[in-house]
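The structure under discussion appears below in the form of structure tokens.
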Amino acid sequence: MGLTSSFGRQLAPKIGQLAPNVTSRAVLEAFNRAVDGIGPLPGAAAAAEKQLAEQKGNVERAIHEVIENNVRLAGGQGFATNLGGLITLAVALPANITGLALIQCRMIAGIAHLKGHDLDNPRVRNAVLATMLGEDQVNGLIKNKKLPGTPMALATAPVLDETLSVLLAGEVATFLISKVAGKRLATMAGRRIPVVGGVVGAGADGYSTWRAGRYADRELLPRNRR
């Protein structure tokens, strides 16, 4: 995974030209759809509450199910958007990135809801976006003074930085472009069989989503549920 991520970071500026619609605005729109629901997918809070009911009020088990359900969704879209070769790259790459953003936003927002955080609170929304970056990326941004604190610190900040959501959404867009593009191009460079790309894409997106969910579970501490 390290080699693939490095490959993606090197290619991100060029790949960004293939995914011009994957911007901070697109990530924020994905967040809104993840919270509100889209098509057959219920919103983050509704999906999380369903799992909580199925687990008879056990928050820990409900969070586990939220993660597992979204890992499966991520794997499915990762398989579908990584089946083709270079000829499908310009279409499949943006779809893979925005799909992954929607699924991971929905999962992390659901975990935040189960931990008692108010998804209507812009501080919590910033925390969800920050969590999507993963622990290493968050720590790097804090070290470089681009981020004032951890996701939990953002969720409970006494003062709202109204510029932070756009900054975080831009970081998430760049992060996902690097990750997805690196995975896809490294796979195609080494393997010419399309179905292999689908299998690798499913595994990579599923694993990435699982890691994001585990980080959210560790980082977002419980608050009193209303």
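Ligands are numbered from 1 in the order shown, chains are lettered A, B, ... in the order of the structure tokens, and residues start at 1 in each chain.
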Excluding same-chain residues fewer than 6 positions from Ala169 (chain A), what lies within 10 Å of it counting only C-alpha atoms, as an MDAnalysis selection string?
chainID A and resid 23:29 31 126 129:130 132:133 175
Run DSSP on the backbone and tell me which residues of region 93-136 of chain A come out as alpha helix (DSSP H); list them as a PDB file with N, CA and C atoms, in the first residue's frame.
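states.pdb, written as the output of this step:
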ATOM      1  N   LEU A  93     -12.339   6.913 -13.124  1.00  0.00           N
ATOM      2  CA  LEU A  93     -11.562   7.492 -12.025  1.00  0.00           C
ATOM      3  C   LEU A  93     -12.367   8.494 -11.199  1.00  0.00           C
ATOM      4  N   PRO A  94     -12.993   9.504 -11.821  1.00  0.00           N
ATOM      5  CA  PRO A  94     -13.815  10.422 -11.012  1.00  0.00           C
ATOM      6  C   PRO A  94     -14.960   9.710 -10.296  1.00  0.00           C
ATOM      7  N   ALA A  95     -15.568   8.710 -10.958  1.00  0.00           N
ATOM      8  CA  ALA A  95     -16.666   7.976 -10.328  1.00  0.00           C
ATOM      9  C   ALA A  95     -16.179   7.225  -9.098  1.00  0.00           C
ATOM     10  N   ASN A  96     -15.008   6.614  -9.199  1.00  0.00           N
ATOM     11  CA  ASN A  96     -14.432   5.876  -8.070  1.00  0.00           C
ATOM     12  C   ASN A  96     -14.134   6.822  -6.910  1.00  0.00           C
ATOM     13  N   ILE A  97     -13.575   7.986  -7.209  1.00  0.00           N
ATOM     14  CA  ILE A  97     -13.203   8.937  -6.160  1.00  0.00           C
ATOM     15  C   ILE A  97     -14.438   9.496  -5.470  1.00  0.00           C
ATOM     16  N   THR A  98     -15.405   9.946  -6.239  1.00  0.00           N
ATOM     17  CA  THR A  98     -16.602  10.533  -5.624  1.00  0.00           C
ATOM     18  C   THR A  98     -17.422   9.470  -4.903  1.00  0.00           C
ATOM     19  N   GLY A  99     -17.439   8.241  -5.447  1.00  0.00           N
ATOM     20  CA  GLY A  99     -18.139   7.157  -4.771  1.00  0.00           C
ATOM     21  C   GLY A  99     -17.517   6.834  -3.432  1.00  0.00           C
ATOM     22  N   LEU A 100     -16.187   6.791  -3.402  1.00  0.00           N
ATOM     23  CA  LEU A 100     -15.490   6.506  -2.155  1.00  0.00           C
ATOM     24  C   LEU A 100     -15.701   7.634  -1.146  1.00  0.00           C
ATOM     25  N   ALA A 101     -15.697   8.872  -1.623  1.00  0.00           N
ATOM     26  CA  ALA A 101     -15.932  10.014  -0.734  1.00  0.00           C
ATOM     27  C   ALA A 101     -17.318   9.924  -0.107  1.00  0.00           C
ATOM     28  N   LEU A 102     -18.320   9.594  -0.903  1.00  0.00           N
ATOM     29  CA  LEU A 102     -19.695   9.493  -0.404  1.00  0.00           C
ATOM     30  C   LEU A 102     -19.807   8.394   0.649  1.00  0.00           C
ATOM     31  N   ILE A 103     -19.255   7.230   0.351  1.00  0.00           N
ATOM     32  CA  ILE A 103     -19.370   6.085   1.260  1.00  0.00           C
ATOM     33  C   ILE A 103     -18.639   6.345   2.567  1.00  0.00           C
ATOM     34  N   GLN A 104     -17.417   6.875   2.480  1.00  0.00           N
ATOM     35  CA  GLN A 104     -16.648   7.091   3.706  1.00  0.00           C
ATOM     36  C   GLN A 104     -17.228   8.236   4.535  1.00  0.00           C
ATOM     37  N   CYS A 105     -17.719   9.279   3.878  1.00  0.00           N
ATOM     38  CA  CYS A 105     -18.418  10.351   4.603  1.00  0.00           C
ATOM     39  C   CYS A 105     -19.607   9.782   5.361  1.00  0.00           C
ATOM     40  N   ARG A 106     -20.387   8.963   4.696  1.00  0.00           N
ATOM     41  CA  ARG A 106     -21.590   8.378   5.284  1.00  0.00           C
ATOM     42  C   ARG A 106     -21.237   7.493   6.474  1.00  0.00           C
ATOM     43  N   MET A 107     -20.204   6.698   6.330  1.00  0.00           N
ATOM     44  CA  MET A 107     -19.791   5.807   7.410  1.00  0.00           C
ATOM     45  C   MET A 107     -19.316   6.591   8.629  1.00  0.00           C
ATOM     46  N   ILE A 108     -18.412   7.534   8.412  1.00  0.00           N
ATOM     47  CA  ILE A 108     -17.844   8.291   9.533  1.00  0.00           C
ATOM     48  C   ILE A 108     -18.910   9.158  10.192  1.00  0.00           C
ATOM     49  N   ALA A 109     -19.790   9.744   9.385  1.00  0.00           N
ATOM     50  CA  ALA A 109     -20.887  10.532   9.951  1.00  0.00           C
ATOM     51  C   ALA A 109     -21.804   9.651  10.785  1.00  0.00           C
ATOM     52  N   GLY A 110     -22.046   8.431  10.327  1.00  0.00           N
ATOM     53  CA  GLY A 110     -22.863   7.497  11.091  1.00  0.00           C
ATOM     54  C   GLY A 110     -22.226   7.143  12.424  1.00  0.00           C
ATOM     55  N   ILE A 111     -20.924   6.933  12.426  1.00  0.00           N
ATOM     56  CA  ILE A 111     -20.201   6.645  13.666  1.00  0.00           C
ATOM     57  C   ILE A 111     -20.277   7.845  14.605  1.00  0.00           C
ATOM     58  N   ALA A 112     -20.080   9.032  14.050  1.00  0.00           N
ATOM     59  CA  ALA A 112     -20.169  10.245  14.866  1.00  0.00           C
ATOM     60  C   ALA A 112     -21.553  10.356  15.510  1.00  0.00           C
ATOM     61  N   HIS A 113     -22.594  10.068  14.727  1.00  0.00           N
ATOM     62  CA  HIS A 113     -23.959  10.118  15.253  1.00  0.00           C
ATOM     63  C   HIS A 113     -24.140   9.130  16.407  1.00  0.00           C
ATOM     64  N   LEU A 114     -23.638   7.921  16.230  1.00  0.00           N
ATOM     65  CA  LEU A 114     -23.767   6.900  17.270  1.00  0.00           C
ATOM     66  C   LEU A 114     -22.974   7.261  18.521  1.00  0.00           C
ATOM     67  N   PRO A 122     -21.574  22.359  12.450  1.00  0.00           N
ATOM     68  CA  PRO A 122     -20.478  22.474  11.484  1.00  0.00           C
ATOM     69  C   PRO A 122     -19.132  22.022  12.048  1.00  0.00           C
ATOM     70  N   ARG A 123     -18.947  22.081  13.353  1.00  0.00           N
ATOM     71  CA  ARG A 123     -17.707  21.582  13.948  1.00  0.00           C
ATOM     72  C   ARG A 123     -17.594  20.072  13.769  1.00  0.00           C
ATOM     73  N   VAL A 124     -18.717  19.396  13.949  1.00  0.00           N
ATOM     74  CA  VAL A 124     -18.740  17.946  13.767  1.00  0.00           C
ATOM     75  C   VAL A 124     -18.506  17.591  12.301  1.00  0.00           C
ATOM     76  N   ARG A 125     -19.063  18.372  11.418  1.00  0.00           N
ATOM     77  CA  ARG A 125     -18.844  18.130   9.985  1.00  0.00           C
ATOM     78  C   ARG A 125     -17.363  18.274   9.634  1.00  0.00           C
ATOM     79  N   ASN A 126     -16.706  19.265  10.226  1.00  0.00           N
ATOM     80  CA  ASN A 126     -15.266  19.408  10.014  1.00  0.00           C
ATOM     81  C   ASN A 126     -14.512  18.192  10.549  1.00  0.00           C
ATOM     82  N   ALA A 127     -14.964  17.688  11.689  1.00  0.00           N
ATOM     83  CA  ALA A 127     -14.319  16.514  12.278  1.00  0.00           C
ATOM     84  C   ALA A 127     -14.462  15.295  11.373  1.00  0.00           C
ATOM     85  N   VAL A 128     -15.632  15.133  10.755  1.00  0.00           N
ATOM     86  CA  VAL A 128     -15.850  14.013   9.836  1.00  0.00           C
ATOM     87  C   VAL A 128     -14.909  14.117   8.643  1.00  0.00           C
ATOM     88  N   LEU A 129     -14.803  15.306   8.078  1.00  0.00           N
ATOM     89  CA  LEU A 129     -13.903  15.505   6.937  1.00  0.00           C
ATOM     90  C   LEU A 129     -12.461  15.215   7.324  1.00  0.00           C
ATOM     91  N   ALA A 130     -12.051  15.688   8.490  1.00  0.00           N
ATOM     92  CA  ALA A 130     -10.675  15.447   8.939  1.00  0.00           C
ATOM     93  C   ALA A 130     -10.424  13.962   9.134  1.00  0.00           C
ATOM     94  N   THR A 131     -11.388  13.252   9.668  1.00  0.00           N
ATOM     95  CA  THR A 131     -11.225  11.819   9.913  1.00  0.00           C
ATOM     96  C   THR A 131     -11.021  11.052   8.618  1.00  0.00           C
ATOM     97  N   MET A 132     -11.628  11.517   7.533  1.00  0.00           N
ATOM     98  CA  MET A 132     -11.453  10.852   6.236  1.00  0.00           C
ATOM     99  C   MET A 132     -10.001  10.826   5.784  1.00  0.00           C
ATOM    100  N   GLU A 135      -5.215   8.994  10.236  1.00  0.00           N
ATOM    101  CA  GLU A 135      -4.418   9.495  11.354  1.00  0.00           C
ATOM    102  C   GLU A 135      -3.092  10.095  10.909  1.00  0.00           C
ATOM    103  N   ASP A 136      -2.383   9.431  10.009  1.00  0.00           N
ATOM    104  CA  ASP A 136      -1.068   9.926   9.578  1.00  0.00           C
ATOM    105  C   ASP A 136      -1.178  11.278   8.897  1.00  0.00           C
TER     106      ASP A 136
END
Shortest interatomic distance to Leu73 (chain A) - which of A:Ala153, A:Leu164, A:Asp217, A:Leu41, counting only C-alpha atoms
A:Leu41
Contact residues around Glu68 (chain A) with only C-alpha atoms at 10 Å, ignoring same-chain residues under 2 positions, as a PyMOL selection string:
chain A and resi 62-66+70-74+107+206+209-210+213
Restricting the output to C-alpha atoms, write the selected residues as a PDB file, in the first residue's frame.
ATOM      1  CA  ALA A  62     -23.873  -0.934  15.840  1.00  0.00           C
ATOM      2  CA  ILE A  63     -20.627   0.862  14.966  1.00  0.00           C
ATOM      3  CA  HIS A  64     -19.090  -2.465  13.936  1.00  0.00           C
ATOM      4  CA  GLU A  65     -22.024  -3.097  11.598  1.00  0.00           C
ATOM      5  CA  VAL A  66     -21.881   0.432  10.153  1.00  0.00           C
ATOM      6  CA  ASN A  70     -19.813   0.464   4.238  1.00  0.00           C
ATOM      7  CA  VAL A  71     -16.706  -1.655   3.653  1.00  0.00           C
ATOM      8  CA  ARG A  72     -18.874  -3.900   1.492  1.00  0.00           C
ATOM      9  CA  LEU A  73     -20.305  -0.886  -0.349  1.00  0.00           C
ATOM     10  CA  ALA A  74     -16.814   0.499  -0.938  1.00  0.00           C
ATOM     11  CA  MET A 107     -19.791   5.807   7.410  1.00  0.00           C
ATOM     12  CA  GLY A 206     -12.656  -1.891   1.160  1.00  0.00           C
ATOM     13  CA  THR A 209     -12.775   2.275   4.225  1.00  0.00           C
ATOM     14  CA  TRP A 210     -12.178  -0.190   7.061  1.00  0.00           C
ATOM     15  CA  GLY A 213     -13.906   3.464  10.136  1.00  0.00           C
TER      16      GLY A 213
END
Grab the CA of Ala173 (chain A) to CA of Ala46 (chain A) distance for me, in Å with one decimal place.
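Between CA of Ala173 (chain A) and CA of Ala46 (chain A) the gap works out to 25.7 Å.
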So which one's closest to Arg218 (chain A), A:Val172, A:Leu167, A:Met152, A:Val59? Using only C-alpha atoms, please.
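Between A:Val172, A:Leu167, A:Met152, A:Val59, the residue approaching Arg218 (chain A) most closely is A:Met152.
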